[in-house]
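All remarks here apply to the structure that follows.
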Amino acid sequence: MRKFLLALLLCSAAQAQEHFGTIVFPNSGKSEAQPAFLRGVLLLHNFAYPQAEGAFVEAQRSIRNLHSLTGAKR
């Protein structure tokens with residue numbers, strides 16, 4: 001029963017991650033990274049640390065992809 005409840009809790013937390021609201025957080029980051037970065041901030045402030053880390057990694061990856069496509073230096 002405990003395993004079932006834990007699995008149910010984890011599933012509901014994953015589904016709830018998209019319902020944390022919206023924020024306005026002006027910053028100097030690249031526009032391509034903004035959606036993932038803002039999602040990471042929302043998750044971080046809602047104590048969803050593993051999901052926040054994933055969103056921040058996604059934001060970094062989008063910047064790296066942009067640099068590799070344009071030949072820009074970091």
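Please note that chains go A, B, ... in the order of the structure tokens, that every chain numbers its residues from 1, and that ligands are numbered from 1 in the order shown.
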_Neighbouring residues of Val24 in chain A were defined as those with any atom within 12 Å, considering only C-alpha atoms; residues of the same chain fewer than 5 positions away were excluded. Please report them as a PyMOL selection string._
chain A and resi 34-35+37-39+41-42
Requested write-out: C-alpha atoms of the selected residues, as a short mmCIF file (atom, residue, chain, number, x, y, z; two decimals), in the first residue's frame:
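Final output, selection_16.cif:
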data_model
loop_
_atom_site.label_atom_id
_atom_site.label_comp_id
_atom_site.auth_asym_id
_atom_site.auth_seq_id
_atom_site.Cartn_x
_atom_site.Cartn_y
_atom_site.Cartn_z
CA GLN A 34 13.31 32.15 -21.21
CA PRO A 35 10.44 29.61 -21.17
CA PHE A 37 14.28 29.32 -17.24
CA LEU A 38 10.99 30.78 -15.99
CA ARG A 39 9.55 27.27 -15.55
CA VAL A 41 12.12 29.48 -11.25
CA LEU A 42 8.47 28.55 -10.72
#
*Write out as a PyMOL selection string the residues lying within 6 Å of range 49-64 of chain A, counting only C-alpha atoms and excluding same-chain residues fewer than 5 positions away.*
chain A and resi 33+36-37+40+43-44
